[in-house]
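K.L.:
Hey, dropping data.cif in here, mmCIF, C-alpha atoms and all ligand atoms:
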data_run
#
loop_
_atom_site.label_atom_id
_atom_site.label_comp_id
_atom_site.auth_asym_id
_atom_site.auth_seq_id
_atom_site.Cartn_x
_atom_site.Cartn_y
_atom_site.Cartn_z
CA MET A 674 -17.61 -0.86 75.11
CA THR A 675 -21.06 -2.43 74.72
CA ASN A 676 -20.12 -4.54 71.70
CA ALA A 677 -16.91 -5.70 73.38
CA LEU A 678 -18.92 -6.78 76.44
CA LEU A 679 -21.53 -8.59 74.35
CA ARG A 680 -18.73 -10.50 72.62
CA LEU A 681 -17.01 -11.27 75.93
CA LEU A 682 -20.24 -12.61 77.42
CA ALA A 683 -21.42 -14.19 74.13
CA VAL A 684 -24.90 -12.65 74.40
CA ASP A 685 -27.11 -10.72 71.96
CA HIS A 686 -28.52 -8.02 74.23
CA PRO A 687 -26.99 -5.80 76.95
CA ILE A 688 -29.36 -7.26 79.53
CA VAL A 689 -28.25 -9.30 82.53
CA GLN A 690 -30.80 -11.00 84.77
CA ALA A 691 -29.21 -10.44 88.17
CA PRO A 692 -28.03 -13.43 90.16
CA MET A 693 -30.45 -13.68 93.09
CA ALA A 694 -29.59 -16.24 95.75
CA GLY A 695 -32.78 -18.01 96.77
CA THR A 696 -34.82 -16.34 93.99
CA SER A 697 -33.19 -16.93 90.60
CA SER A 698 -33.56 -20.48 89.24
CA PRO A 699 -32.02 -22.55 86.44
CA ALA A 700 -35.34 -22.20 84.56
CA MET A 701 -35.23 -18.39 84.89
CA ALA A 702 -31.60 -18.14 83.84
CA ALA A 703 -32.16 -20.46 80.86
CA GLU A 704 -35.20 -18.48 79.67
CA VAL A 705 -33.19 -15.26 79.81
CA SER A 706 -30.14 -16.71 78.06
CA ASN A 707 -32.27 -18.38 75.38
CA ALA A 708 -33.81 -14.95 74.70
CA GLY A 709 -30.33 -13.50 74.14
CA GLY A 710 -29.69 -11.92 77.55
CA LEU A 711 -27.35 -13.23 80.25
CA GLY A 712 -29.10 -15.53 82.70
CA SER A 713 -27.59 -15.81 86.17
CA LEU A 714 -27.70 -18.11 89.17
CA GLY A 715 -27.04 -16.95 92.74
CA LEU A 716 -25.03 -19.75 94.36
CA ALA A 717 -24.42 -18.09 97.72
CA ALA A 718 -27.06 -20.08 99.59
CA MET A 719 -26.09 -23.46 98.06
CA GLY A 720 -23.10 -25.61 98.73
CA ALA A 721 -20.82 -26.88 95.97
CA GLU A 722 -23.08 -29.88 95.24
CA GLY A 723 -26.15 -27.65 94.92
CA ALA A 724 -24.18 -25.42 92.56
CA ARG A 725 -23.12 -28.36 90.41
CA ALA A 726 -26.74 -29.54 90.13
CA ALA A 727 -28.08 -26.04 89.36
CA ILE A 728 -25.50 -25.49 86.60
CA ALA A 729 -26.32 -28.93 85.14
CA GLU A 730 -30.04 -28.08 85.16
CA PHE A 731 -29.31 -24.80 83.36
CA ARG A 732 -27.30 -26.72 80.74
CA ASP A 733 -30.21 -29.12 80.17
CA ARG A 734 -32.33 -26.08 79.37
CA SER A 735 -29.96 -23.81 77.49
CA PRO A 736 -26.79 -24.07 75.38
CA ARG A 737 -26.10 -20.37 75.91
CA SER A 738 -24.05 -18.24 78.32
CA LEU A 739 -24.46 -18.50 82.09
CA ASN A 740 -23.32 -16.26 84.93
CA VAL A 741 -23.00 -17.74 88.41
CA ASN A 742 -22.51 -15.58 91.48
CA VAL A 743 -20.77 -16.15 94.81
CA PHE A 744 -20.33 -14.05 97.95
CA CYS A 745 -16.84 -12.98 99.11
CA HIS A 746 -17.71 -11.79 102.62
CA ALA A 747 -15.31 -12.01 105.54
CA THR A 748 -16.07 -15.14 107.55
CA PRO A 749 -17.77 -13.75 110.68
CA LYS A 750 -16.44 -14.21 114.20
CA ALA A 751 -19.15 -15.36 116.58
CA ASN A 752 -19.99 -12.89 119.36
CA PRO A 753 -22.14 -14.80 121.86
CA ALA A 754 -23.07 -11.65 123.83
CA ILE A 755 -24.36 -9.75 120.79
CA GLU A 756 -26.09 -12.85 119.46
CA ALA A 757 -27.83 -13.57 122.78
CA ALA A 758 -28.97 -9.94 123.09
CA TRP A 759 -30.29 -10.04 119.53
CA LEU A 760 -32.25 -13.24 120.19
CA ASP A 761 -33.69 -11.60 123.31
CA ARG A 762 -34.76 -8.62 121.25
CA LEU A 763 -36.50 -10.95 118.75
CA ARG A 764 -38.10 -13.10 121.49
CA PRO A 765 -41.39 -11.12 121.61
CA GLU A 766 -41.70 -11.45 117.83
CA PHE A 767 -41.21 -15.23 118.00
CA ARG A 768 -43.73 -15.32 120.86
CA ARG A 769 -46.40 -13.72 118.66
CA PHE A 770 -46.25 -16.89 116.58
CA ASP A 771 -46.15 -19.31 119.55
CA ALA A 772 -42.45 -19.91 118.92
CA THR A 773 -39.23 -19.41 120.84
CA PRO A 774 -35.96 -18.19 119.35
CA PRO A 775 -33.16 -20.74 118.97
CA ALA A 776 -30.67 -21.03 121.85
CA SER A 777 -27.80 -19.93 119.60
CA LEU A 778 -27.09 -18.89 116.02
CA ARG A 779 -25.04 -20.45 113.24
CA SER A 780 -23.22 -18.83 110.33
CA LEU A 781 -25.42 -20.04 107.49
CA TYR A 782 -23.25 -19.71 104.39
CA THR A 783 -19.60 -20.36 103.69
CA SER A 784 -17.83 -17.44 102.03
CA PHE A 785 -16.42 -18.27 98.59
CA LEU A 786 -13.08 -17.05 99.97
CA ALA A 787 -13.00 -20.20 102.13
CA ASP A 788 -14.85 -22.60 99.82
CA ASP A 789 -12.38 -24.83 97.97
CA ALA A 790 -15.14 -27.26 97.00
CA MET A 791 -17.08 -24.48 95.24
CA LEU A 792 -13.95 -23.31 93.41
CA ALA A 793 -13.33 -26.87 92.22
CA VAL A 794 -16.92 -27.25 90.96
CA LEU A 795 -16.76 -23.94 89.07
CA ALA A 796 -13.37 -24.67 87.50
CA VAL A 797 -14.77 -27.93 86.11
CA ALA A 798 -18.29 -26.72 85.19
CA LYS A 799 -16.85 -23.64 83.45
CA PRO A 800 -19.85 -21.28 83.42
CA THR A 801 -19.27 -18.39 81.00
CA VAL A 802 -19.04 -15.91 83.87
CA VAL A 803 -18.42 -16.05 87.60
CA SER A 804 -19.47 -12.86 89.38
CA PHE A 805 -18.65 -11.76 92.91
CA HIS A 806 -20.54 -9.82 95.57
CA PHE A 807 -19.17 -8.30 98.83
CA GLY A 808 -15.57 -8.19 97.56
CA ALA A 809 -13.04 -9.81 95.25
CA PRO A 810 -11.88 -13.44 95.11
CA THR A 811 -8.35 -14.27 96.26
CA GLU A 812 -5.58 -14.00 93.69
CA ALA A 813 -5.29 -17.78 93.50
CA GLN A 814 -9.05 -18.19 92.99
CA ALA A 815 -9.13 -15.54 90.26
CA ARG A 816 -6.18 -17.20 88.53
CA ALA A 817 -7.78 -20.67 88.66
CA LEU A 818 -11.05 -19.39 87.21
CA ARG A 819 -9.34 -17.35 84.49
CA GLN A 820 -7.23 -20.38 83.54
CA ALA A 821 -10.49 -22.31 83.10
CA GLY A 822 -11.52 -19.67 80.53
CA ILE A 823 -14.14 -18.08 82.79
CA VAL A 824 -14.94 -14.34 82.59
CA LEU A 825 -14.73 -12.61 85.99
CA VAL A 826 -17.15 -9.84 87.04
CA GLY A 827 -17.14 -7.93 90.34
CA THR A 828 -19.67 -5.66 92.09
CA ALA A 829 -18.75 -2.13 93.16
CA THR A 830 -20.75 0.44 95.11
CA SER A 831 -17.99 3.09 94.96
CA LEU A 832 -15.04 4.17 92.81
CA ASP A 833 -12.64 2.78 95.40
CA GLU A 834 -14.23 -0.69 95.20
CA GLY A 835 -14.32 -0.44 91.40
CA LYS A 836 -10.58 0.27 91.24
CA LYS A 837 -9.80 -2.61 93.60
CA LEU A 838 -11.87 -4.97 91.45
CA ALA A 839 -10.15 -3.86 88.25
CA LEU A 840 -6.77 -4.46 89.92
CA ALA A 841 -7.98 -7.90 91.02
CA GLY A 842 -8.48 -8.83 87.36
CA MET A 843 -12.23 -8.36 86.98
CA GLN A 844 -13.08 -8.08 83.27
CA ALA A 845 -16.31 -6.14 83.87
CA ILE A 846 -17.74 -4.40 86.91
CA VAL A 847 -21.32 -4.07 88.12
CA ALA A 848 -22.04 -0.52 89.34
CA GLN A 849 -24.61 -1.24 92.04
CA GLY A 850 -26.48 1.92 93.06
CA TYR A 851 -28.17 2.55 96.38
CA GLU A 852 -31.57 1.99 94.70
CA ALA A 853 -30.77 -1.66 94.08
CA GLY A 854 -32.79 -4.49 95.58
CA GLY A 855 -31.20 -7.19 97.71
CA HIS A 856 -27.86 -7.08 99.46
CA ARG A 857 -25.71 -4.05 98.93
CA GLY A 858 -22.37 -5.27 97.61
CA VAL A 859 -20.23 -3.10 99.89
CA PHE A 860 -16.93 -4.80 100.75
CA ASP A 861 -17.02 -3.59 104.37
CA PRO A 862 -20.53 -3.14 105.78
CA ASP A 863 -19.10 -1.14 108.70
CA GLY A 864 -16.99 1.23 106.62
CA PRO A 865 -18.05 4.64 105.30
CA ASP A 866 -20.71 4.47 102.58
CA ASP A 867 -21.44 7.39 100.23
CA ARG A 868 -24.62 5.63 99.07
CA LEU A 869 -24.07 6.61 95.44
CA THR A 870 -27.07 6.23 93.18
CA THR A 871 -26.99 4.15 90.01
CA PHE A 872 -26.91 7.31 87.86
CA ALA A 873 -23.87 8.88 89.52
CA LEU A 874 -21.99 5.63 90.18
CA THR A 875 -22.42 4.32 86.63
CA ARG A 876 -21.10 7.55 85.16
CA VAL A 877 -18.17 7.77 87.60
CA LEU A 878 -17.11 4.16 87.02
CA ALA A 879 -17.60 4.29 83.24
CA LYS A 880 -15.31 7.31 83.05
CA ALA A 881 -12.64 6.01 85.43
CA LEU A 882 -12.34 2.25 84.86
CA PRO A 883 -10.59 0.48 81.99
CA VAL A 884 -13.21 -2.31 81.84
CA PRO A 885 -16.91 -2.34 80.85
CA VAL A 886 -19.47 -1.33 83.48
CA LEU A 887 -22.87 -2.94 84.05
CA ALA A 888 -25.39 -0.58 85.68
CA ALA A 889 -27.60 -2.07 88.42
CA GLY A 890 -30.26 -0.59 90.67
CA GLY A 891 -33.77 0.61 89.88
CA ILE A 892 -33.67 -0.41 86.21
CA MET A 893 -37.00 -2.01 85.29
CA ASP A 894 -37.71 -1.37 81.61
CA GLY A 895 -36.21 -0.59 78.23
CA ALA A 896 -36.13 3.14 78.94
CA GLY A 897 -34.05 2.47 82.06
CA ILE A 898 -31.65 0.21 80.15
CA ALA A 899 -31.28 2.79 77.36
CA ALA A 900 -30.61 5.50 79.97
CA ALA A 901 -27.91 3.34 81.61
CA LEU A 902 -26.23 2.82 78.22
CA ARG A 903 -26.31 6.58 77.62
CA LEU A 904 -24.51 7.04 80.94
CA GLY A 905 -21.67 4.88 79.68
CA ALA A 906 -22.74 1.47 80.94
CA SER A 907 -22.14 -1.40 78.52
CA ALA A 908 -25.12 -3.35 79.85
CA ALA A 909 -27.74 -3.26 82.59
CA GLN A 910 -28.26 -5.83 85.36
CA LEU A 911 -31.87 -6.16 86.52
CA GLY A 912 -32.93 -8.04 89.63
CA THR A 913 -36.31 -6.86 90.91
CA ALA A 914 -37.68 -6.84 87.35
CA PHE A 915 -37.41 -10.67 87.37
CA VAL A 916 -38.65 -11.43 90.92
CA ALA A 917 -42.32 -11.79 89.92
CA CYS A 918 -41.59 -14.00 86.88
CA PRO A 919 -43.18 -17.47 87.11
CA GLU A 920 -39.68 -19.06 87.06
CA SER A 921 -38.69 -17.12 90.20
CA LEU A 922 -38.33 -18.94 93.52
CA ALA A 923 -39.78 -15.95 95.41
CA ASP A 924 -42.50 -17.11 97.80
CA ALA A 925 -46.16 -16.13 97.54
CA GLY A 926 -45.84 -13.38 100.17
CA HIS A 927 -42.93 -11.74 98.34
CA ARG A 928 -44.74 -11.85 94.99
CA ALA A 929 -48.00 -10.55 96.45
CA ALA A 930 -46.25 -7.65 98.21
CA LEU A 931 -44.30 -6.80 95.05
CA MET A 932 -47.46 -6.65 92.95
CA SER A 933 -49.32 -4.52 95.56
CA ASP A 934 -49.06 -0.97 96.88
CA ALA A 935 -46.41 -2.29 99.27
CA ALA A 936 -43.99 -2.05 96.30
CA ASN A 937 -43.97 1.73 96.77
CA HIS A 938 -41.90 1.46 99.95
CA THR A 939 -38.47 -0.13 100.26
CA VAL A 940 -35.99 0.08 103.13
CA MET A 941 -32.23 -0.49 103.34
CA THR A 942 -31.68 -2.47 106.54
CA ARG A 943 -29.33 -4.98 108.12
CA VAL A 944 -31.82 -6.44 110.62
CA ILE A 945 -32.77 -9.39 108.41
CA SER A 946 -29.36 -10.80 107.49
CA GLY A 947 -26.68 -8.74 109.25
CA ARG A 948 -25.68 -6.80 106.10
CA PRO A 949 -27.42 -3.84 104.49
CA ALA A 950 -30.01 -5.02 101.98
CA ARG A 951 -32.98 -3.32 100.31
CA CYS A 952 -36.30 -4.93 101.17
CA LEU A 953 -39.96 -4.10 100.70
CA ALA A 954 -41.06 -2.35 103.91
CA ASN A 955 -42.68 -5.10 106.00
CA ARG A 956 -43.07 -6.20 109.61
CA PHE A 957 -39.44 -7.31 109.78
CA THR A 958 -37.97 -4.05 108.44
CA ALA A 959 -40.20 -2.16 110.92
CA LEU A 960 -38.07 -3.69 113.70
CA ALA A 961 -35.10 -1.63 112.51
CA GLY A 962 -36.30 1.46 114.38
CA GLY A 963 -34.08 1.99 117.42
CA VAL A 964 -31.64 -0.75 116.40
CA GLN A 965 -27.99 0.33 116.12
CA ASP A 966 -25.80 -1.37 113.51
CA GLY A 967 -23.67 -2.90 116.27
CA ASP A 968 -26.73 -4.56 117.85
CA VAL A 969 -27.17 -6.89 114.88
CA PRO A 970 -24.98 -10.03 114.69
CA ARG A 971 -22.55 -10.28 111.77
CA TYR A 972 -23.69 -11.46 108.35
CA PRO A 973 -24.75 -14.24 107.88
CA ILE A 974 -25.17 -15.13 111.57
CA ALA A 975 -28.13 -12.74 111.91
CA TYR A 976 -29.72 -14.41 108.86
CA ASP A 977 -30.10 -17.62 110.88
CA ALA A 978 -32.39 -15.78 113.30
CA GLY A 979 -34.14 -13.97 110.43
CA LYS A 980 -34.94 -17.16 108.56
CA GLN A 981 -36.22 -18.89 111.71
CA LEU A 982 -38.44 -15.93 112.58
CA ASP A 983 -39.80 -15.89 109.01
CA ALA A 984 -40.54 -19.63 109.21
CA ALA A 985 -42.36 -19.23 112.55
CA ALA A 986 -44.41 -16.31 111.17
CA LYS A 987 -45.22 -18.10 107.91
CA ALA A 988 -46.37 -21.18 109.83
CA LYS A 989 -49.05 -18.92 111.36
CA GLY A 990 -49.95 -17.32 108.02
CA GLU A 991 -47.92 -14.08 108.45
CA PRO A 992 -45.75 -13.34 105.37
CA GLY A 993 -44.37 -10.03 106.67
CA PHE A 994 -41.10 -11.39 108.08
CA GLY A 995 -39.73 -12.55 104.74
CA ALA A 996 -36.55 -11.28 103.11
CA GLN A 997 -38.66 -9.56 100.45
CA TRP A 998 -35.72 -8.02 98.61
CA ALA A 999 -36.65 -5.37 96.04
CA GLY A 1000 -35.22 -2.19 94.58
CA GLN A 1001 -36.76 1.24 94.31
CA GLY A 1002 -38.20 0.44 90.87
CA ALA A 1003 -40.41 -2.25 92.46
CA PRO A 1004 -43.74 -0.66 91.43
CA MET A 1005 -42.77 -1.40 87.81
CA ALA A 1006 -42.32 -5.17 88.35
CA ARG A 1007 -44.11 -7.37 85.81
CA ALA A 1008 -45.22 -10.98 86.32
CA LEU A 1009 -44.15 -12.09 82.82
CA PRO A 1010 -42.27 -15.27 81.89
CA ALA A 1011 -38.56 -14.37 82.03
CA GLY A 1012 -37.94 -14.91 78.29
CA ARG A 1013 -40.98 -12.80 77.38
CA LEU A 1014 -39.72 -10.06 79.70
CA VAL A 1015 -36.37 -9.98 77.88
CA VAL A 1016 -38.18 -9.71 74.52
CA GLU A 1017 -40.28 -6.82 75.89
CA LEU A 1018 -37.22 -5.08 77.33
CA VAL A 1019 -35.43 -5.29 73.97
CA ALA A 1020 -38.48 -3.90 72.17
CA GLU A 1021 -38.78 -1.06 74.68
CA MET A 1022 -35.10 -0.16 74.27
CA ALA A 1023 -35.63 0.30 70.55
C1 LIG A 1101 -34.24 -10.93 95.37
C2 LIG A 1101 -32.84 -10.43 95.11
C3 LIG A 1101 -31.77 -11.25 95.41
C4 LIG A 1101 -30.45 -10.80 95.10
N1 LIG A 1101 -29.40 -11.67 95.33
C5 LIG A 1101 -28.17 -11.32 94.86
C6 LIG A 1101 -27.10 -12.27 94.86
O1 LIG A 1101 -27.25 -13.42 95.28
N2 LIG A 1101 -25.91 -11.87 94.35
C7 LIG A 1101 -25.71 -10.61 93.84
O2 LIG A 1101 -24.61 -10.31 93.38
N3 LIG A 1101 -26.70 -9.70 93.84
C8 LIG A 1101 -27.92 -10.04 94.32
N4 LIG A 1101 -28.93 -9.11 94.25
C9 LIG A 1101 -28.64 -7.75 93.75
C10 LIG A 1101 -28.62 -7.73 92.24
O3 LIG A 1101 -27.42 -8.28 91.74
C11 LIG A 1101 -28.70 -6.30 91.67
O4 LIG A 1101 -27.64 -5.52 92.17
C12 LIG A 1101 -30.02 -5.62 91.99
O5 LIG A 1101 -31.09 -6.50 91.83
C13 LIG A 1101 -30.20 -4.41 91.07
O6 LIG A 1101 -31.25 -3.62 91.51
P1 LIG A 1101 -32.78 -3.87 91.10
O7 LIG A 1101 -33.25 -4.96 91.98
O8 LIG A 1101 -33.41 -2.56 91.38
O9 LIG A 1101 -32.80 -4.27 89.65
C14 LIG A 1101 -30.25 -9.51 94.56
C15 LIG A 1101 -31.35 -8.71 94.29
C16 LIG A 1101 -32.63 -9.15 94.54
C17 LIG A 1101 -33.78 -8.25 94.19
#
Since I need it in another form, could you write the structure as structure tokens?
Ligand SMILES: Cc1cc2nc3c(=O)[nH]c(=O)nc-3n(C[C@H](O)[C@H](O)[C@H](O)COP(=O)(O)O)c2cc1C
P.N.:
Amino acid sequence: MTNALLRLLAVDHPIVQAPMAGTSSPAMAAEVSNAGGLGSLGLAAMGAEGARAAIAEFRDRSPRSLNVNVFCHATPKANPAIEAAWLDRLRPEFRRFDATPPASLRSLYTSFLADDAMLAVLAVAKPTVVSFHFGAPTEAQARALRQAGIVLVGTATSLDEGKKLALAGMQAIVAQGYEAGGHRGVFDPDGPDDRLTTFALTRVLAKALPVPVLAAGGIMDGAGIAAALRLGASAAQLGTAFVACPESLADAGHRAALMSDAANHTVMTRVISGRPARCLANRFTALAGGVQDGDVPRYPIAYDAGKQLDAAAKAKGEPGFGAQWAGQGAPMARALPAGRLVVELVAEMA
């Protein structure tokens, strides 16, 4: 199905630069798309106005295809007792940096499921693709986007999620393995999780689903992309491979850790944001020891605490509390311009 997917996405190569909220940029996405891959923007941390501006900036830089990505998480219910206990647990960490935790926590991002303004912006801006993480859009949202001529792509971490996404009208599905960097796309972070690897999940979904599959997780070079295609994927989606690119919005601490021996150790944890995500092992992930899942406030309420702790630490020169998302292929990251990286990946595939 590779050729069908390339036609659907209007790209030359089966290479998708993963949408990475807070890390991908219009410049990165444009470089990738201009090189014949699919550039992506993670919109989850921006409101509708930010999304409109980011898409416009991409369009100033590239006439080619664009994927934009939104999060479909359940809007969290506040739990003041859990949140207060969590802030108490973090208090000694804040104190190390002469800071105090906030009195209470906010839910940082609006879910796309409840974001009419974002839907309106996307239906008008008409990016080539809208992709979804943490679940499927509502029926009405999917219909509105399809009517605008937009291709819909969902993220699955299991066959069950893949089937639900196909039924919800997704035209391609990202098979996100447990190796993957960043947030795990599981629909229900508290449900059972078989933690399927990219290899097994890609093969299972490619055999069972009627739509093309994009393999994601641990793919860093042309050999990895070629292997994913051999498993039945129609394309590969790479995130960590692009984090060290100059167009990335990753901060200096994240880049430095990724290009050091620290890249050899990643951890899946929910302590930073409230949902499982794969991060370079750092001082923040070290806090996960002894923490039960139920101790951590819901996503993205916990992220409010995580971002404030990171800011307090950074202000004192400590980068180790950042959300340094990275997949298990992190030691293979390259600090190349994003367009150059796509050219290299294509050459390596051949
Ligand atoms: C820094 C970072 C941020 C990410 N943010 C998002 C996001 O906003 N939306 C999304 O669907 N996936 C996000 N992901 C996950 C990617 O879509 C993809 O599944 C993952 O990067 C694949 O694994 P890899 O990092 O080993 O290539 C992110 C990954 C990273 C590394």
K.L.:
Skip Gly947 (chain A) itself and residues of its chain fewer than 2 positions away, then list as a PyMOL selection string all residues within 8 Å of it, counting all atoms listed in the file.
P.N.:
chain A and resi 943-945+949+969-976
K.L.:
Around ligand LIG 1101 (chain A), at most 8 Å away and counting all atoms listed in the file, which residues are there? Put them as a ChimeraX atom specification, please.
P.N.:
/A:691-697,714-718,742-744,804-807,828,847,849-850,852-858,889-893,910-914,916,923,951,997-1003
K.L.:
Write a file of the just-selected residues containing C-alpha atoms, as a compact mmCIF listing (two decimals), in the coordinates of the input.
P.N.:
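Full text of part_37.txt as output:
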# COMPACT_ATOMS: atom_id res chain seq x y z
CA ALA A 691 -29.21 -10.44 88.17
CA PRO A 692 -28.03 -13.43 90.16
CA MET A 693 -30.45 -13.68 93.09
CA ALA A 694 -29.59 -16.24 95.75
CA GLY A 695 -32.78 -18.01 96.77
CA THR A 696 -34.82 -16.34 93.99
CA SER A 697 -33.19 -16.93 90.60
CA LEU A 714 -27.70 -18.11 89.17
CA GLY A 715 -27.04 -16.95 92.74
CA LEU A 716 -25.03 -19.75 94.36
CA ALA A 717 -24.42 -18.09 97.72
CA ALA A 718 -27.06 -20.08 99.59
CA ASN A 742 -22.51 -15.58 91.48
CA VAL A 743 -20.77 -16.15 94.81
CA PHE A 744 -20.33 -14.05 97.95
CA SER A 804 -19.47 -12.86 89.38
CA PHE A 805 -18.65 -11.76 92.91
CA HIS A 806 -20.54 -9.82 95.57
CA PHE A 807 -19.17 -8.30 98.83
CA THR A 828 -19.67 -5.66 92.09
CA VAL A 847 -21.32 -4.07 88.12
CA GLN A 849 -24.61 -1.24 92.04
CA GLY A 850 -26.48 1.92 93.06
CA GLU A 852 -31.57 1.99 94.70
CA ALA A 853 -30.77 -1.66 94.08
CA GLY A 854 -32.79 -4.49 95.58
CA GLY A 855 -31.20 -7.19 97.71
CA HIS A 856 -27.86 -7.08 99.46
CA ARG A 857 -25.71 -4.05 98.93
CA GLY A 858 -22.37 -5.27 97.61
CA ALA A 889 -27.60 -2.07 88.42
CA GLY A 890 -30.26 -0.59 90.67
CA GLY A 891 -33.77 0.61 89.88
CA ILE A 892 -33.67 -0.41 86.21
CA MET A 893 -37.00 -2.01 85.29
CA GLN A 910 -28.26 -5.83 85.36
CA LEU A 911 -31.87 -6.16 86.52
CA GLY A 912 -32.93 -8.04 89.63
CA THR A 913 -36.31 -6.86 90.91
CA ALA A 914 -37.68 -6.84 87.35
CA VAL A 916 -38.65 -11.43 90.92
CA ALA A 923 -39.78 -15.95 95.41
CA ARG A 951 -32.98 -3.32 100.31
CA GLN A 997 -38.66 -9.56 100.45
CA TRP A 998 -35.72 -8.02 98.61
CA ALA A 999 -36.65 -5.37 96.04
CA GLY A 1000 -35.22 -2.19 94.58
CA GLN A 1001 -36.76 1.24 94.31
CA GLY A 1002 -38.20 0.44 90.87
CA ALA A 1003 -40.41 -2.25 92.46
K.L.:
If we count all atoms listed in the file, what is near Asp983 (chain A) at a cut-off of 8 Å, once residues fewer than 2 positions away on the same chain are taken out, given as an NGL selection string?
P.N.:
:A and (979-981 or 985-987 or 992-995)
K.L.:
May I ask for the distance between CA of Val877 (chain A) and CA of Gly895 (chain A), given in Å to one decimal place?
P.N.:
22.0 Å
K.L.:
Just want the 6 Å neighbourhood of region 859-868 of chain A, counted on all atoms listed in the file, with same-chain residues fewer than 5 positions away dropped. Output as a PyMOL selection string.
P.N.:
chain A and resi 807-808+830+851
K.L.:
Would you save the residues of that selection, restricted to C-alpha atoms, as a short mmCIF file (atom, residue, chain, number, x, y, z; two decimals), keeping the file's coordinate frame?
P.N.:
data_model
loop_
_atom_site.label_atom_id
_atom_site.label_comp_id
_atom_site.auth_asym_id
_atom_site.auth_seq_id
_atom_site.Cartn_x
_atom_site.Cartn_y
_atom_site.Cartn_z
CA PHE A 807 -19.17 -8.30 98.83
CA GLY A 808 -15.57 -8.19 97.56
CA THR A 830 -20.75 0.44 95.11
CA TYR A 851 -28.17 2.55 96.38
#
K.L.:
Quote the spacing between CA of Met932 (chain A) and CA of Phe915 (chain A) in Å to one decimal place.
P.N.:
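For CA of Met932 (chain A) relative to CA of Phe915 (chain A), the distance reads 12.2 Å.
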K.L.:
Neighbours of Asn707 (chain A) within 12 Å (all atoms listed in the file; same-chain residues fewer than 6 positions away dropped), as a PyMOL selection string?
P.N.:
chain A and resi 683-686+699-701+731-739+1011-1016
K.L.:
Could you work out how far CA of Arg762 (chain A) lies from CA of Gly962 (chain A), giving the answer in Å with one decimal?
P.N.:
12.3 Å
